[in-house]
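Just start.txt here, compact mmCIF, C-alpha atoms:
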# COMPACT_ATOMS: atom_id res chain seq x y z
CA MET A 1 62.93 80.03 104.20
CA SER A 2 59.94 79.69 101.88
CA PRO A 3 57.08 77.31 102.80
CA THR A 4 57.87 75.28 99.69
CA SER A 5 61.46 74.57 100.69
CA HIS A 6 62.31 70.88 101.16
CA ALA A 7 65.10 71.55 103.62
CA ALA A 8 64.40 70.00 107.03
CA PRO A 9 65.21 71.80 110.27
CA PRO A 10 68.32 70.56 112.06
CA ALA A 11 67.58 67.43 114.07
CA ASP A 12 67.90 67.62 117.85
CA ALA A 13 70.94 65.45 118.38
CA GLY A 14 70.18 65.19 122.10
CA LEU A 15 66.67 63.89 121.40
CA GLN A 16 67.97 61.39 118.87
CA GLU A 17 70.55 60.13 121.36
CA PHE A 18 67.93 59.74 124.06
CA GLU A 19 65.49 57.94 121.76
CA ARG A 20 68.19 55.41 120.88
CA HIS A 21 68.22 54.30 124.50
CA ARG A 22 64.56 54.77 125.46
CA ARG A 23 63.73 51.06 125.18
CA ARG A 24 66.51 50.07 127.51
CA LEU A 25 65.62 52.79 130.00
CA PHE A 26 61.97 51.77 130.09
CA GLY A 27 62.90 48.09 130.32
CA LEU A 28 65.14 48.79 133.30
CA ALA A 29 62.58 51.07 134.97
CA TYR A 30 59.71 48.62 134.55
CA ARG A 31 61.72 45.70 135.88
CA MET A 32 62.81 47.80 138.85
CA LEU A 33 59.37 49.20 139.72
CA GLY A 34 56.86 46.70 138.32
CA GLN A 35 54.44 49.46 137.34
CA ARG A 36 54.06 50.83 133.84
CA ALA A 37 53.06 54.39 134.78
CA GLU A 38 55.88 54.66 137.32
CA ALA A 39 58.36 53.41 134.71
CA GLU A 40 57.11 55.89 132.12
CA ASP A 41 57.34 58.73 134.65
CA LEU A 42 60.89 57.72 135.51
CA VAL A 43 61.93 57.72 131.86
CA GLN A 44 60.44 61.19 131.54
CA ASP A 45 62.47 62.31 134.57
CA VAL A 46 65.62 60.97 132.92
CA TRP A 47 64.76 62.91 129.76
CA LEU A 48 64.35 66.15 131.72
CA ARG A 49 67.72 65.64 133.39
CA TRP A 50 69.28 64.80 130.04
CA GLN A 51 67.91 68.05 128.61
CA ASP A 52 69.39 70.05 131.49
CA SER A 53 72.78 68.34 131.36
CA GLU A 54 76.00 69.58 129.78
CA ARG A 55 75.84 66.95 127.07
CA THR A 56 79.08 68.00 125.41
CA ALA A 57 80.87 66.98 128.60
CA ILE A 58 79.29 63.49 128.67
CA ALA A 59 81.71 61.05 127.05
CA GLN A 60 79.37 58.02 127.21
CA PRO A 61 75.71 59.06 126.85
CA GLU A 62 74.33 55.53 127.29
CA ALA A 63 76.24 55.02 130.53
CA TRP A 64 75.08 58.41 131.78
CA LEU A 65 71.44 57.66 130.96
CA VAL A 66 71.52 54.15 132.50
CA THR A 67 73.24 55.46 135.64
CA THR A 68 70.65 58.22 136.01
CA ALA A 69 67.76 55.81 135.45
CA THR A 70 69.20 53.28 137.89
CA ARG A 71 69.68 55.76 140.70
CA LEU A 72 66.24 57.30 140.18
CA ALA A 73 64.72 53.80 140.16
CA ILE A 74 66.43 52.84 143.41
CA ASP A 75 65.16 56.00 145.11
CA ARG A 76 61.66 55.55 143.74
CA LEU A 77 61.55 51.86 144.68
CA ARG A 78 62.51 52.72 148.25
CA ARG A 79 59.45 54.98 148.45
CA LEU A 80 57.21 52.40 146.80
CA ARG A 81 58.42 49.73 149.22
CA VAL A 82 56.94 51.72 152.10
CA GLU A 83 53.53 51.57 150.39
CA ARG A 84 53.89 47.91 149.49
CA GLU A 85 54.66 46.97 153.10
CA HIS A 86 51.02 47.77 153.84
CA TYR A 87 49.67 46.09 150.71
CA ALA A 88 46.89 43.57 151.29
CA GLY A 89 48.09 40.09 150.31
CA PHE A 90 50.54 39.29 147.53
CA TRP A 91 51.88 42.07 145.32
CA LEU A 92 52.15 41.22 141.61
CA PRO A 93 53.52 43.55 138.93
CA GLU A 94 51.23 45.51 136.65
CA PRO A 95 51.04 43.31 133.54
CA LEU A 96 52.03 44.22 130.01
CA VAL A 97 49.34 42.56 127.91
CA GLN A 98 49.27 42.09 124.14
CA PRO A 99 46.85 40.21 121.88
CA TRP A 100 48.19 36.77 121.08
CA THR A 101 47.78 37.57 117.38
CA GLU A 102 50.58 40.14 117.58
CA ALA A 103 53.67 38.50 116.17
CA ALA A 104 56.36 39.73 118.54
CA PRO A 105 56.27 39.25 122.32
CA SER A 106 58.15 42.51 122.67
CA ALA A 107 55.91 44.24 125.21
CA GLU A 108 55.25 46.94 122.65
CA ASP A 109 58.87 46.87 121.52
CA LEU A 110 59.97 48.42 124.79
CA LEU A 111 61.45 45.58 126.80
CA GLU A 112 64.18 44.08 124.62
CA ARG A 113 62.28 40.94 123.77
CA ALA A 114 65.18 38.51 124.25
CA HIS A 115 65.31 39.20 127.98
CA ASP A 116 63.10 37.79 130.69
CA VAL A 117 60.37 40.03 132.05
CA SER A 118 58.07 37.26 133.18
CA THR A 119 55.66 37.63 136.07
CA ALA A 120 57.48 34.81 137.86
CA LEU A 121 60.80 36.68 137.76
CA MET A 122 59.19 40.00 138.69
CA PHE A 123 57.51 38.36 141.69
CA VAL A 124 60.86 37.10 142.98
CA LEU A 125 62.58 40.44 142.33
CA GLU A 126 60.20 42.01 144.85
CA GLN A 127 62.05 40.10 147.57
CA LEU A 128 65.38 41.81 146.81
CA THR A 129 66.62 45.11 148.17
CA PRO A 130 66.53 47.97 145.63
CA GLU A 131 70.33 47.81 145.26
CA GLU A 132 70.33 44.02 144.79
CA ARG A 133 67.55 44.31 142.25
CA ALA A 134 69.38 46.98 140.26
CA ALA A 135 72.68 45.11 140.32
CA PHE A 136 71.03 41.84 139.28
CA LEU A 137 69.12 43.43 136.40
CA LEU A 138 72.08 45.34 135.05
CA ARG A 139 74.36 42.29 135.21
CA GLU A 140 72.04 39.37 134.43
CA VAL A 141 69.43 40.94 132.14
CA PHE A 142 71.24 43.81 130.46
CA ASP A 143 74.69 42.16 130.30
CA ALA A 144 76.54 45.06 131.91
CA ASP A 145 80.05 44.32 133.14
CA TYR A 146 80.89 44.93 136.77
CA ALA A 147 82.58 48.23 136.03
CA GLU A 148 79.33 49.48 134.48
CA VAL A 149 77.28 48.15 137.40
CA ALA A 150 79.63 49.86 139.85
CA GLN A 151 79.33 53.15 137.98
CA ALA A 152 75.53 52.96 137.90
CA LEU A 153 75.23 52.15 141.60
CA GLY A 154 78.08 54.33 142.81
CA ARG A 155 79.71 51.37 144.58
CA SER A 156 82.91 49.39 144.22
CA GLU A 157 83.05 46.45 141.83
CA ALA A 158 83.62 44.11 144.78
CA ALA A 159 80.49 45.38 146.50
CA CYS A 160 78.50 44.95 143.29
CA ARG A 161 79.72 41.38 142.90
CA GLN A 162 78.38 40.65 146.37
CA LEU A 163 75.04 42.27 145.51
CA VAL A 164 74.71 40.19 142.35
CA HIS A 165 75.78 37.02 144.17
CA ARG A 166 73.10 37.47 146.84
CA ALA A 167 70.48 38.38 144.26
CA ARG A 168 71.27 35.33 142.13
CA ALA A 169 70.86 33.08 145.14
CA HIS A 170 67.46 34.57 145.99
CA VAL A 171 66.26 34.36 142.40
CA LYS A 172 67.47 30.77 141.98
CA ALA A 173 65.73 29.71 145.18
CA GLY A 174 62.45 31.49 144.53
CA ARG A 175 61.90 31.50 140.81
CA PRO A 176 60.06 28.56 139.24
CA ARG A 177 61.73 27.23 136.11
CA PHE A 178 58.78 25.90 134.18
CA ASP A 179 59.62 26.26 130.51
CA ALA A 180 57.56 25.07 127.57
CA PRO A 181 57.70 25.86 123.83
CA ALA A 182 55.49 28.86 123.16
CA GLU A 183 53.03 27.12 120.84
CA ALA A 184 52.67 24.06 123.08
CA HIS A 185 52.21 26.40 126.04
CA ALA A 186 49.57 28.37 124.14
CA GLU A 187 47.73 25.25 123.01
CA LEU A 188 47.50 23.96 126.58
CA LEU A 189 46.09 27.31 127.69
CA ARG A 190 43.49 27.17 124.92
CA ARG A 191 42.38 23.75 126.16
CA PHE A 192 42.31 24.98 129.73
CA ALA A 193 40.25 28.04 128.77
CA GLN A 194 37.72 25.86 126.99
CA ALA A 195 37.43 23.48 129.94
CA ALA A 196 37.17 26.31 132.50
CA GLN A 197 34.54 28.20 130.50
CA GLY A 198 32.55 25.01 130.08
CA GLY A 199 32.79 24.11 133.76
CA ASP A 200 34.00 20.55 133.14
CA LEU A 201 35.67 19.54 136.41
CA ALA A 202 37.33 16.39 135.06
CA GLN A 203 38.83 18.19 132.08
CA ILE A 204 40.01 21.10 134.23
CA GLN A 205 41.70 18.86 136.78
CA ALA A 206 43.36 16.79 134.06
CA LEU A 207 45.34 19.87 133.01
CA PHE A 208 46.76 20.62 136.46
CA ALA A 209 49.87 19.09 137.97
CA PRO A 210 49.08 17.44 141.33
CA ASP A 211 51.27 19.98 143.16
CA ALA A 212 50.10 23.04 141.22
CA ALA A 213 49.88 26.35 143.08
CA LEU A 214 48.12 29.70 142.64
CA ILE A 215 49.17 33.16 143.83
CA SER A 216 46.60 35.95 143.58
CA ASP A 217 46.68 39.73 143.94
CA GLY A 218 43.45 41.52 144.78
CA GLY A 219 45.07 44.49 146.48
CA GLY A 220 42.37 44.53 149.14
CA LYS A 221 39.96 45.80 146.46
CA VAL A 222 38.50 42.45 145.39
CA ALA A 223 38.53 38.96 146.87
CA SER A 224 41.83 37.10 146.68
CA PHE A 225 43.73 34.50 148.65
CA GLY A 226 46.11 35.77 151.30
CA ARG A 227 48.17 32.60 150.99
CA VAL A 228 49.36 30.30 148.24
CA LEU A 229 46.52 28.02 147.14
CA GLU A 230 47.97 24.55 146.60
CA THR A 231 47.22 21.26 144.83
CA GLY A 232 45.76 20.77 141.38
CA ARG A 233 42.56 19.37 142.86
CA ARG A 234 41.82 22.54 144.82
CA LEU A 235 42.63 24.76 141.84
CA ALA A 236 40.37 22.71 139.60
CA LEU A 237 37.54 23.02 142.12
CA LEU A 238 38.10 26.79 142.25
CA TYR A 239 37.75 27.21 138.48
CA PHE A 240 34.82 24.78 138.40
CA ALA A 241 32.99 26.61 141.20
CA THR A 242 33.64 29.97 139.55
CA ALA A 243 32.13 28.80 136.26
CA ARG A 244 29.05 27.45 138.08
CA ARG A 245 28.57 30.65 140.07
CA LEU A 246 28.80 32.87 137.00
CA ARG A 247 26.31 30.74 135.07
CA ARG A 248 23.93 30.76 138.04
CA ASP A 249 24.14 34.55 138.16
CA GLY A 250 23.54 34.85 134.44
CA GLN A 251 27.02 36.21 133.76
CA VAL A 252 29.17 35.39 130.74
CA GLN A 253 32.80 34.41 131.33
CA THR A 254 35.46 34.43 128.63
CA LEU A 255 39.07 33.32 128.94
CA GLN A 256 41.13 34.68 126.07
CA LEU A 257 44.66 33.75 125.10
CA VAL A 258 46.99 36.77 125.26
CA ARG A 259 50.64 37.54 125.88
CA VAL A 260 51.37 38.55 129.46
CA ASN A 261 54.82 40.07 129.76
CA GLY A 262 55.75 38.23 126.58
CA LEU A 263 54.53 34.77 127.63
CA PRO A 264 51.23 32.97 126.97
CA GLY A 265 48.57 33.95 129.49
CA LEU A 266 44.83 34.38 129.86
CA LEU A 267 42.64 37.46 130.03
CA ARG A 268 39.46 36.67 131.96
CA CYS A 269 36.46 38.88 131.27
CA VAL A 270 33.03 38.76 132.89
CA ASP A 271 30.22 40.32 130.88
CA GLY A 272 32.84 41.96 128.67
CA LYS A 273 34.76 43.60 131.52
CA VAL A 274 38.35 42.62 132.36
CA GLU A 275 38.26 40.68 135.64
CA SER A 276 41.81 39.32 135.83
CA VAL A 277 45.05 38.70 133.99
CA GLN A 278 46.47 35.23 134.55
CA THR A 279 49.97 33.92 133.95
CA LEU A 280 50.04 30.11 133.81
CA LEU A 281 53.39 28.31 133.90
CA VAL A 282 53.59 24.91 132.24
CA GLU A 283 55.88 21.91 132.52
CA ASP A 284 55.51 18.43 131.03
CA GLY A 285 52.14 19.33 129.53
CA LEU A 286 50.56 20.36 132.84
CA ILE A 287 49.88 23.68 134.56
CA GLN A 288 52.28 24.07 137.49
CA ARG A 289 51.85 27.64 138.70
CA ILE A 290 49.31 30.44 138.23
CA TYR A 291 49.74 34.13 139.02
CA THR A 292 46.34 35.83 139.01
CA LEU A 293 46.17 39.62 139.03
CA ARG A 294 42.72 40.88 140.09
CA ASN A 295 43.50 44.27 141.61
CA PRO A 296 41.36 46.64 139.49
CA ASP A 297 43.86 49.47 139.94
CA LYS A 298 46.44 47.43 138.02
CA LEU A 299 43.99 46.43 135.31
CA THR A 300 43.00 49.92 134.20
CA GLY A 301 45.52 49.90 131.36
CA VAL A 302 44.59 46.42 130.14
CA MET A 303 42.37 46.59 127.08
CA LEU A 304 40.24 43.72 125.85
CA ALA A 305 42.28 42.07 123.14
CA SER A 306 40.88 41.31 119.71
CA ALA A 307 39.39 37.85 119.22
CA ASP A 308 41.95 35.07 118.92
What do you get writing this file as structure tokens?
Amino acid sequence: MSPTSHAAPPADAGLQEFERHRRRLFGLAYRMLGQRAEAEDLVQDVWLRWQDSERTAIAQPEAWLVTTATRLAIDRLRRLRVEREHYAGFWLPEPLVQPWTEAAPSAEDLLERAHDVSTALMFVLEQLTPEERAAFLLREVFDADYAEVAQALGRSEAACRQLVHRARAHVKAGRPRFDAPAEAHAELLRRFAQAAQGGDLAQIQALFAPDAALISDGGGKVASFGRVLETGRRLALLYFATARRLRRDGQVQTLQLVRVNGLPGLLRCVDGKVESVQTLLVEDGLIQRIYTLRNPDKLTGVMLASAD
């Protein structure tokens, strides 16, 4: 064929089929594992297996891909659980952070934006067994029927119903349900960021619910609380003391509004370096819960967002 020919080479039908489902596979893998790199590696493993498969014999490619991803995720999560048993303090998922100015909270168009991938849900999912977690996600997040769940897990439908039932109960008991309209949520976080950067104790405390709580993840690499820090007064004093200490040391703190796993959150930087990613849950115009990720190993992929 001459170099000037406009005819395109035949498309790889297998690649096209895989790419149609990549978002769902990554969304499932990330929700199962809570780590971006691990999820990306798992999707790559699925692709390699898809390449090596007898694709002409696969009647339902999507079901095959989801089943493969699910089983790989369960195996990988079992191995990760061994490491996390020795983790220092609370374990929070690696965050997916976007500038607030980006229009769609789609986690880079990879996580099916209509479904929940919040830090609060991910934190609770860590308490489930790998099989419960997979069954819950397939049924409750990805709307699979029980026959599809059973196929993916290699169990009976009755067994999968029990897995989902137990998982629902755990999630309902442990997951905070603090919902606020996105813009109202974002506006409250802007006010909080301004008060915290300015070190105004009264203004900071006015934005906390009396029974507010904070969960932090330092991974044993940086200082964090090994228990839940409770009451709005104590949290206000923490942010106030932090602002005073940084000013005393001549350091510049910024708290920038971003999207954290699709929801409004804050990126805290000290002297231009990312120090933490914070998810703040809001109800009735007050901050009810904060998840603060400070482990530097989980912040390596977080880039400083453009100015809001």
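CA of Ala167 in chain A lies 23.3 Å from CA of Leu42 in chain A.
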For Glu38 in chain A, list every protein, DNA or RNA residue within 10 Å, evaluated using all atoms listed in the file, and leave out those in the same chain fewer than 3 positions away; present the list as a list in words.
-> Phe26, Ala29, Tyr30, Met32, Leu33, Gly34, Gln35, Asp41, Leu42, Val43, Gln44, Ala73, Arg76, Leu77 and Leu80 of chain A
In terms of the shortest atom-to-atom distance over all atoms listed in the file, which of A:Leu48, A:Ala59, A:Ala186, A:Val66 is closest to Arg24 in chain A?
->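 Selected residue with least distance to Arg24 in chain A: A:Val66.
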Measure the distance from CA of Val282 in chain A to CA of Pro181 in chain A in Å and round it to one decimal.
->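 Interatomic distance here is 9.4 Å.
Distance annotation: of A:Gly218, A:Ala236, A:Pro99, A:Asn261, the residue with the minimal separation from Arg31 in chain A is A:Asn261; atom set is only C-alpha atoms.
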Excluding same-chain residues fewer than 4 positions from Asp271 in chain A, what lies within 7 Å of it counting only C-alpha atoms, as a ChimeraX atom specification?
-> /A:251-253
Given the choices A:Leu281, A:Val97, A:Ala212, A:Ala63, which gets closest to Arg175 in chain A if the distance is worked out from only C-alpha atoms?
->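 Among A:Leu281, A:Val97, A:Ala212, A:Ala63, it is A:Leu281 that comes nearest to Arg175 in chain A.
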By how many Å are CA of Arg259 in chain A and CA of Pro210 in chain A apart?
->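 Taking CA of Arg259 in chain A and CA of Pro210 in chain A, their separation equals 25.4 Å.
Distances to Arg23 in chain A were evaluated for A:Leu65, A:Ala202, A:Ile215, A:Val228 using only C-alpha atoms, and the minimum falls at A:Leu65.
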Counting all atoms listed in the file, the residue of A:Arg20, A:Arg36, A:Arg294, A:Arg79 that sits nearest Arg268 in chain A =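 Ranked by minimum distance to Arg268 in chain A, first place goes to A:Arg294.
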Can you work out which one of A:Val149, A:Ala184, A:Leu255, A:Leu92 has the shortest atom-to-atom distance to Arg133 in chain A, counting all atoms listed in the file?
-> A:Val149
Which neighbours of Asn295 in chain A fall inside 10 Å, counting all atoms listed in the file, when residues of the same chain fewer than 5 positions from it are skipped, and could you give them as a PyMOL selection string?
-> chain A and resi 91-92+94+216-224+275-277+300
Using only C-alpha atoms, which residues sit within 12 Å of Leu188 in chain A once same-chain residues fewer than 2 positions away are excluded, as number ranges by chain?
-> A: 180-186, 190-195, 203-204, 206-208, 257, 264-266, 280-288
Within 12 Å of Asp145 in chain A using only C-alpha atoms, minus same-chain residues under 2 positions, as a PDB file with C-alpha atoms, in the frame of the given file:
ATOM      1  CA  ALA A  63      76.240  55.020 130.530  1.00  0.00           C
ATOM      2  CA  ALA A 135      72.680  45.110 140.320  1.00  0.00           C
ATOM      3  CA  PHE A 136      71.030  41.840 139.280  1.00  0.00           C
ATOM      4  CA  LEU A 137      69.120  43.430 136.400  1.00  0.00           C
ATOM      5  CA  LEU A 138      72.080  45.340 135.050  1.00  0.00           C
ATOM      6  CA  ARG A 139      74.360  42.290 135.210  1.00  0.00           C
ATOM      7  CA  GLU A 140      72.040  39.370 134.430  1.00  0.00           C
ATOM      8  CA  VAL A 141      69.430  40.940 132.140  1.00  0.00           C
ATOM      9  CA  PHE A 142      71.240  43.810 130.460  1.00  0.00           C
ATOM     10  CA  ASP A 143      74.690  42.160 130.300  1.00  0.00           C
ATOM     11  CA  ALA A 147      82.580  48.230 136.030  1.00  0.00           C
ATOM     12  CA  GLU A 148      79.330  49.480 134.480  1.00  0.00           C
ATOM     13  CA  VAL A 149      77.280  48.150 137.400  1.00  0.00           C
ATOM     14  CA  ALA A 150      79.630  49.860 139.850  1.00  0.00           C
ATOM     15  CA  GLN A 151      79.330  53.150 137.980  1.00  0.00           C
ATOM     16  CA  ALA A 152      75.530  52.960 137.900  1.00  0.00           C
ATOM     17  CA  GLU A 157      83.050  46.450 141.830  1.00  0.00           C
ATOM     18  CA  CYS A 160      78.500  44.950 143.290  1.00  0.00           C
ATOM     19  CA  ARG A 161      79.720  41.380 142.900  1.00  0.00           C
ATOM     20  CA  VAL A 164      74.710  40.190 142.350  1.00  0.00           C
TER      21      VAL A 164
END
